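I have placed the structure first, in the form of structure tokens, so that the comments after it can refer back to it.
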Amino acid sequence: QVQLVESGGGLVQPGGSLRLSCTASGRVFWINTMGWYRQYPEKQRELVATMDRTGSTNYADSVKGRFAISRGNAANTVYLQMNSLSPEDTAVYSCHYSDRRYSQQYWGQGTQVTVSS
């Protein structure tokens, strides 16, 4: 089992910034992919950004140039720096972990990001 704990969500004005953090604990394999997805009300979860341990990234087109994903030195942390936020970014953001060693994937509980004036 892997547990994911997220932090950093909240309310921000349009044009503002937020930084999300996620830490994994438990049976974490050092070769893994971690990232962020978001979900709008009554919509399916969608990719925001992922990053593996080689530094390879994958971003949704809607966030390219505004959001930046990064990993800590340890294998169990991931961050999402969100800049130039707009009301369309308002959603629940969830951390995701996956690895091939144990063929497992896990989700965090989600953190609300609200962009509003």
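Convention: chains lettered A, B, ... in structure tokens order; per-chain residue numbering from 1; ligands numbered from 1 as shown.
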
Would you mind listing what lies within 10 Å of Thr114 in chain A as a PDB file with N, CA, C and O atoms, in the first residue's frame, with only C-alpha atoms counted and same-chain residues fewer than 4 positions away left out?
ATOM      1  N   GLY A   9      -3.643  23.383  -1.626  1.00  0.00           N
ATOM      2  CA  GLY A   9      -4.801  23.928  -2.322  1.00  0.00           C
ATOM      3  C   GLY A   9      -5.360  25.128  -1.586  1.00  0.00           C
ATOM      4  O   GLY A   9      -4.908  25.494  -0.496  1.00  0.00           O
ATOM      5  N   GLY A  10      -6.352  25.769  -2.206  1.00  0.00           N
ATOM      6  CA  GLY A  10      -6.976  26.905  -1.559  1.00  0.00           C
ATOM      7  C   GLY A  10      -7.623  27.838  -2.543  1.00  0.00           C
ATOM      8  O   GLY A  10      -7.866  27.477  -3.701  1.00  0.00           O
ATOM      9  N   LEU A  11      -7.896  29.040  -2.063  1.00  0.00           N
ATOM     10  CA  LEU A  11      -8.548  30.073  -2.871  1.00  0.00           C
ATOM     11  C   LEU A  11      -7.508  31.092  -3.318  1.00  0.00           C
ATOM     12  O   LEU A  11      -6.706  31.567  -2.496  1.00  0.00           O
ATOM     13  N   VAL A  12      -7.538  31.434  -4.589  1.00  0.00           N
ATOM     14  CA  VAL A  12      -6.590  32.407  -5.121  1.00  0.00           C
ATOM     15  C   VAL A  12      -7.309  33.250  -6.171  1.00  0.00           C
ATOM     16  O   VAL A  12      -8.261  32.788  -6.811  1.00  0.00           O
ATOM     17  N   GLN A  13      -6.872  34.473  -6.321  1.00  0.00           N
ATOM     18  CA  GLN A  13      -7.466  35.359  -7.321  1.00  0.00           C
ATOM     19  C   GLN A  13      -6.933  35.026  -8.715  1.00  0.00           C
ATOM     20  O   GLN A  13      -5.834  34.487  -8.858  1.00  0.00           O
ATOM     21  N   PRO A  14      -7.708  35.349  -9.749  1.00  0.00           N
ATOM     22  CA  PRO A  14      -7.207  35.147 -11.118  1.00  0.00           C
ATOM     23  C   PRO A  14      -5.859  35.838 -11.329  1.00  0.00           C
ATOM     24  O   PRO A  14      -5.658  36.959 -10.871  1.00  0.00           O
ATOM     25  N   LEU A  85      -3.101  31.568 -12.829  1.00  0.00           N
ATOM     26  CA  LEU A  85      -4.317  30.780 -12.660  1.00  0.00           C
ATOM     27  C   LEU A  85      -5.544  31.540 -13.152  1.00  0.00           C
ATOM     28  O   LEU A  85      -5.633  32.769 -13.017  1.00  0.00           O
ATOM     29  N   SER A  86      -6.465  30.786 -13.717  1.00  0.00           N
ATOM     30  CA  SER A  86      -7.724  31.361 -14.200  1.00  0.00           C
ATOM     31  C   SER A  86      -8.877  30.589 -13.584  1.00  0.00           C
ATOM     32  O   SER A  86      -8.691  29.485 -13.067  1.00  0.00           O
ATOM     33  N   PRO A  87     -10.085  31.156 -13.637  1.00  0.00           N
ATOM     34  CA  PRO A  87     -11.239  30.438 -13.077  1.00  0.00           C
ATOM     35  C   PRO A  87     -11.419  29.048 -13.681  1.00  0.00           C
ATOM     36  O   PRO A  87     -11.954  28.155 -13.011  1.00  0.00           O
ATOM     37  N   GLU A  88     -10.961  28.852 -14.921  1.00  0.00           N
ATOM     38  CA  GLU A  88     -11.087  27.535 -15.560  1.00  0.00           C
ATOM     39  C   GLU A  88     -10.194  26.482 -14.898  1.00  0.00           C
ATOM     40  O   GLU A  88     -10.352  25.285 -15.164  1.00  0.00           O
ATOM     41  N   ASP A  89      -9.274  26.901 -14.072  1.00  0.00           N
ATOM     42  CA  ASP A  89      -8.430  25.959 -13.342  1.00  0.00           C
ATOM     43  C   ASP A  89      -9.066  25.487 -12.039  1.00  0.00           C
ATOM     44  O   ASP A  89      -8.506  24.625 -11.344  1.00  0.00           O
ATOM     45  N   THR A  90     -10.215  26.038 -11.711  1.00  0.00           N
ATOM     46  CA  THR A  90     -10.910  25.626 -10.497  1.00  0.00           C
ATOM     47  C   THR A  90     -11.345  24.175 -10.606  1.00  0.00           C
ATOM     48  O   THR A  90     -12.085  23.812 -11.515  1.00  0.00           O
ATOM     49  N   ALA A  91     -10.870  23.349  -9.693  1.00  0.00           N
ATOM     50  CA  ALA A  91     -11.149  21.913  -9.728  1.00  0.00           C
ATOM     51  C   ALA A  91     -10.579  21.277  -8.465  1.00  0.00           C
ATOM     52  O   ALA A  91      -9.886  21.937  -7.680  1.00  0.00           O
ATOM     53  N   VAL A  92     -10.871  19.990  -8.308  1.00  0.00           N
ATOM     54  CA  VAL A  92     -10.211  19.202  -7.275  1.00  0.00           C
ATOM     55  C   VAL A  92      -8.979  18.560  -7.906  1.00  0.00           C
ATOM     56  O   VAL A  92      -9.097  17.847  -8.909  1.00  0.00           O
TER      57      VAL A  92
END

>> To test your reading of the structure, identify every residue in chain A that backbone DSSP assigns to helix (DSSP H, G or I), and report it as a PyMOL selection string.
In response: chain A and resi 61-63+87-89

Kindly save the residues from that selection, with C-alpha atoms included, as a compact mmCIF listing (two decimals), in the first residue's frame.
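See out_16.txt below for the written result:
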# COMPACT_ATOMS: atom_id res chain seq x y z
CA ASP A 61 -1.99 21.42 -23.33
CA SER A 62 -4.16 23.71 -21.24
CA VAL A 63 -1.47 24.15 -18.58
CA PRO A 87 -11.24 30.44 -13.08
CA GLU A 88 -11.09 27.53 -15.56
CA ASP A 89 -8.43 25.96 -13.34

> Out of chain A, which residues get strand (DSSP E) from DSSP, as a PyMOL selection string?
Replying inline: chain A and resi 2-7+10-12+18-26+33-39+46-52+57-59+67-71+77-82+91-99+104-107+111-115

>> What does the structure give for the distance between CA of Gln3 in chain A and CA of Ser17 in chain A, in Å to one decimal?
In response: 26.4 Å

>> Applying 12 Å and only C-alpha atoms, which residues near range 68-77 of chain A remain after dropping the ones on its own chain fewer than 4 positions away? List them as a PyMOL selection string.
In response: chain A and resi 2-7+17-37+48-60+63-64+81-84+95-99

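The spacing separating CA of Arg100 in chain A from CA of Arg45 in chain A amounts to 21.7 Å.
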
> If you measure from CA of Gln104 in chain A to CA of Val78 in chain A, what distance in Å do you get, rounded to one decimal?
Replying inline: 17.3 Å
